[in-house]
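Undergrad: There's a structure below that I have some questions on.
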Amino acid sequence: MSNDLSVTPAEQVSGPTTSPTSGGAPRPGATSAGVPRRRRAGRGSRNRPNWGAGVAVTIWLLIVAIPLYVLVTASFQTQAGYAEGGPLSLPTTFTLDNFTNAFDQGFGRYFLNTLVVTVAVVGIVVLLVPPLSYAIVRNRSRATTGIFRMFLLGLAVPASAVIVPIFYVISVVGLYDNLIGVILPTAAFCLPICTIILSGSMRDITNELYEAMALDGASPKRVFLQLVLPLSKGGVATIVVYSALQAWNGFLFPLILTQSESTKVITLGLFNFQTQYGVNIPGLLAAVVMSMIPILLVYLFARRALVQGLMGVGGK
């Protein structure tokens with residue numbers, strides 16, 4: 001037997017290495033785990049801060065924050081203080097007179113009318129859209145396909161293009177200058193986009209879940225109530241927020257289909273702060289701040305489900 005130690009080709013290329021149990025020193029250029037330092041440095045370079053993105057986000061934040069700052073601070077200033085300091089100035093004296101004056105000019109009645117219209121429109125949408133979307137997704141008949149295409153066609157028709165026929169129909173049925181005459185067309189124009197949103201959310205539900213419910217002997221009503229609606233909460237939240245925004249910020253239908261002070265909504269009531277001699281900007285902005293609070297609360301409570309619905313994962 002020879003006493004010479006043979007050297008393998010791998011050892012000739014890489015050189016001798018030391019095991020963790022041996023007392024030898026580690027190979028230069030390697031860590032205790034045997035990973036080259038150059039690779040770890042490469043991973044660390046990917047964690048460097050992105051200064052360009054930070055600057056862009058800061059600019060965007062300023063673009064969004066400055067109008068909100070002007071809106072809030074001006075609502076607590078007097079009209080003379082606002083005219084003297086300008087929109088970007090801090091209020092020297094805080095006052096709540098703008099909010100009280102808004103209610104003196106009928107803001108409470110406008111707020112109540114807008115709330116009634118919004119709740120009614122959301123109720124109609126939530127009552128009609130989920131079963132309609134469920135029928136579109138699960139029923140492939142020609143009649144259902146035709147109804148869905150009709151809703152798609154409704155997206156191409158703006159409200160301003162058909163306002164004259166709507167005015168004629170509302171007047172003939174005796175709903176002119178009535179909140180119901182505002183609720184019905186507002187809800188009708190919300191139905192197409194809400195149906196498309198919710199039907200897309202319901203298509204995320206897999207057929208295996210439907211088959212499991214069918215094997216369990218569930219009726220279509222039970223499948224709809226216990227499977228489809230719970231898994232489509234993201235889409236339902238999306239249509240609720242969308243229809244609420246459309247009803248709360250609606251201007252065209254209240255302008256054309258109402259006339260008296262008792263049926264005015266917020267978007268029309270804001271004109272009371274404008275006179276032939278000028279505009280009470282602090283009073284107007286105070287009314288705008290109060291009109292933002294309800295729809296902001298709706299968004300805050302439904303924001304997570306809303307984002308999921310807009311991303312198309314409401315049914316997962």
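Convention: chains lettered A, B, ... in structure tokens order; per-chain residue numbering from 1; ligands numbered from 1 as shown.
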Excluding same-chain residues fewer than 2 positions from Asp97 in chain A, what lies within 12 Å of it counting only C-alpha atoms, as a list of chain:residue names?
TA: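 My reading of the contact set: A:Ser75, A:Phe76, A:Gln77, A:Thr78, A:Gln79, A:Thr93, A:Phe94, A:Thr95, A:Phe99, A:Thr100, A:Asn101, A:Ala102, A:Phe103, A:Asp104, A:Pro282, A:Gly283, A:Leu284, A:Ala286, A:Ala287.
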Undergrad: From a DSSP pass on the backbone, collect the residues of range 17-257 of chain A flagged as helix (DSSP H, G or I) and hand them back as a PyMOL selection string.
TA: chain A and resi 37-45+51-75+79-85+97-104+107-138+142-154+159-161+163-172+179-202+207-215+220-231+233-248+252-257
Undergrad: Between A:Leu227, A:Ala244, A:Asn47, A:Ala156, which one has atoms that come closest to Ala212 in chain A, using only C-alpha atoms?
TA: A:Leu227
Undergrad: Please provide the set of residues having any atom within 8 Å of range 121-138 of chain A, restricted to only C-alpha atoms, with same-chain residues fewer than 3 positions apart removed, written as a list of chain:residue names.
TA: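 Using only C-alpha atoms, the neighbours found are A:Val117, A:Thr118, A:Thr144, A:Thr145, A:Phe148, A:Ile183, A:Leu184, A:Thr186, A:Ala187, A:Cys190, A:Leu191, A:Cys194, A:Thr195, A:Ile196, A:Leu198, A:Ser199, A:Met202, A:Arg203, A:Phe224, A:Val228, A:Leu229, A:Val236, A:Ile239, A:Val240, A:Ser243, A:Ala244, A:Ala247.
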Undergrad: For Ile205 in chain A, which residue out of A:Leu231, A:Ala56, A:Ile66, A:Leu255 is the nearest one, using only C-alpha atoms?
TA: A:Leu231
Undergrad: Could you tell me which of A:Phe273, A:Thr114, A:Tyr242, A:Gln259 comes closest to Leu285 in chain A if we count only C-alpha atoms?
TA: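 So, comparing all the options, the nearest one is A:Phe273.
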Undergrad: Select from range 168-316 of chain A everything DSSP, run on the backbone, classes as strand (DSSP E or B), then give the selection as a list in words.
TA: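 The strand (DSSP E or B) subset of range 168-316 of chain A is Gln274, Thr275, Gly278 and Val279 of chain A.
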Undergrad: Of the candidates A:Leu257, A:Ala143, A:Val298, A:Ala74, which shows the shortest atom-to-atom distance to Tyr168 in chain A, using only C-alpha atoms?
TA: A:Leu257
Undergrad: Taking only C-alpha atoms into account, which of A:Ala161, A:Val241, A:Met213, A:Ala188 comes nearest Ile295 in chain A?
TA: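 Ranking A:Ala161, A:Val241, A:Met213, A:Ala188 by distance to Ile295 in chain A, first place goes to A:Val241.
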Undergrad: For Ala302 in chain A, which residue out of A:Asn207, A:Ser201, A:Thr238, A:Asn178 is the nearest one, using only C-alpha atoms?
TA: A:Thr238
Undergrad: As a list in words, please: the residues near Ile180 in chain A (cut-off 9 Å, only C-alpha atoms, same-chain neighbours under 5 positions excluded).
TA: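 Result of the neighbour search: Val117, Ala120, Leu175 and Pro185 of chain A.
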Undergrad: Store the residues of this selection in a file with N, CA, C and O atoms, as a short mmCIF file (atom, residue, chain, number, x, y, z; two decimals), in the first residue's frame.
TA:
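Wrote selection_20.cif, looks like this:
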```cif
data_model
loop_
_atom_site.label_atom_id
_atom_site.label_comp_id
_atom_site.auth_asym_id
_atom_site.auth_seq_id
_atom_site.Cartn_x
_atom_site.Cartn_y
_atom_site.Cartn_z
N VAL A 117 -81.69 60.07 -0.34
CA VAL A 117 -81.41 59.62 -1.71
C VAL A 117 -80.31 58.57 -1.73
O VAL A 117 -80.42 57.54 -2.41
N ALA A 120 -81.50 55.17 -0.22
CA ALA A 120 -82.45 54.51 -1.13
C ALA A 120 -81.75 53.94 -2.35
O ALA A 120 -82.04 52.80 -2.77
N LEU A 175 -93.65 62.44 -10.70
CA LEU A 175 -92.57 62.40 -9.72
C LEU A 175 -91.64 63.60 -9.83
O LEU A 175 -90.57 63.59 -9.20
N PRO A 185 -83.78 57.29 -11.34
CA PRO A 185 -82.77 57.35 -12.42
C PRO A 185 -81.34 57.21 -11.91
O PRO A 185 -80.48 56.66 -12.61
#
```
Undergrad: Just give me the gap between CA of Ile256 in chain A and CA of Phe111 in chain A in Å, one decimal is fine.
TA: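 According to the coordinates, CA of Ile256 in chain A and CA of Phe111 in chain A are separated by 18.7 Å.
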Undergrad: Kindly give the distance, in Å, that separates CA of Val164 in chain A and CA of Phe253 in chain A, rounded to a single decimal.
TA: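 So the answer is 10.8 Å.
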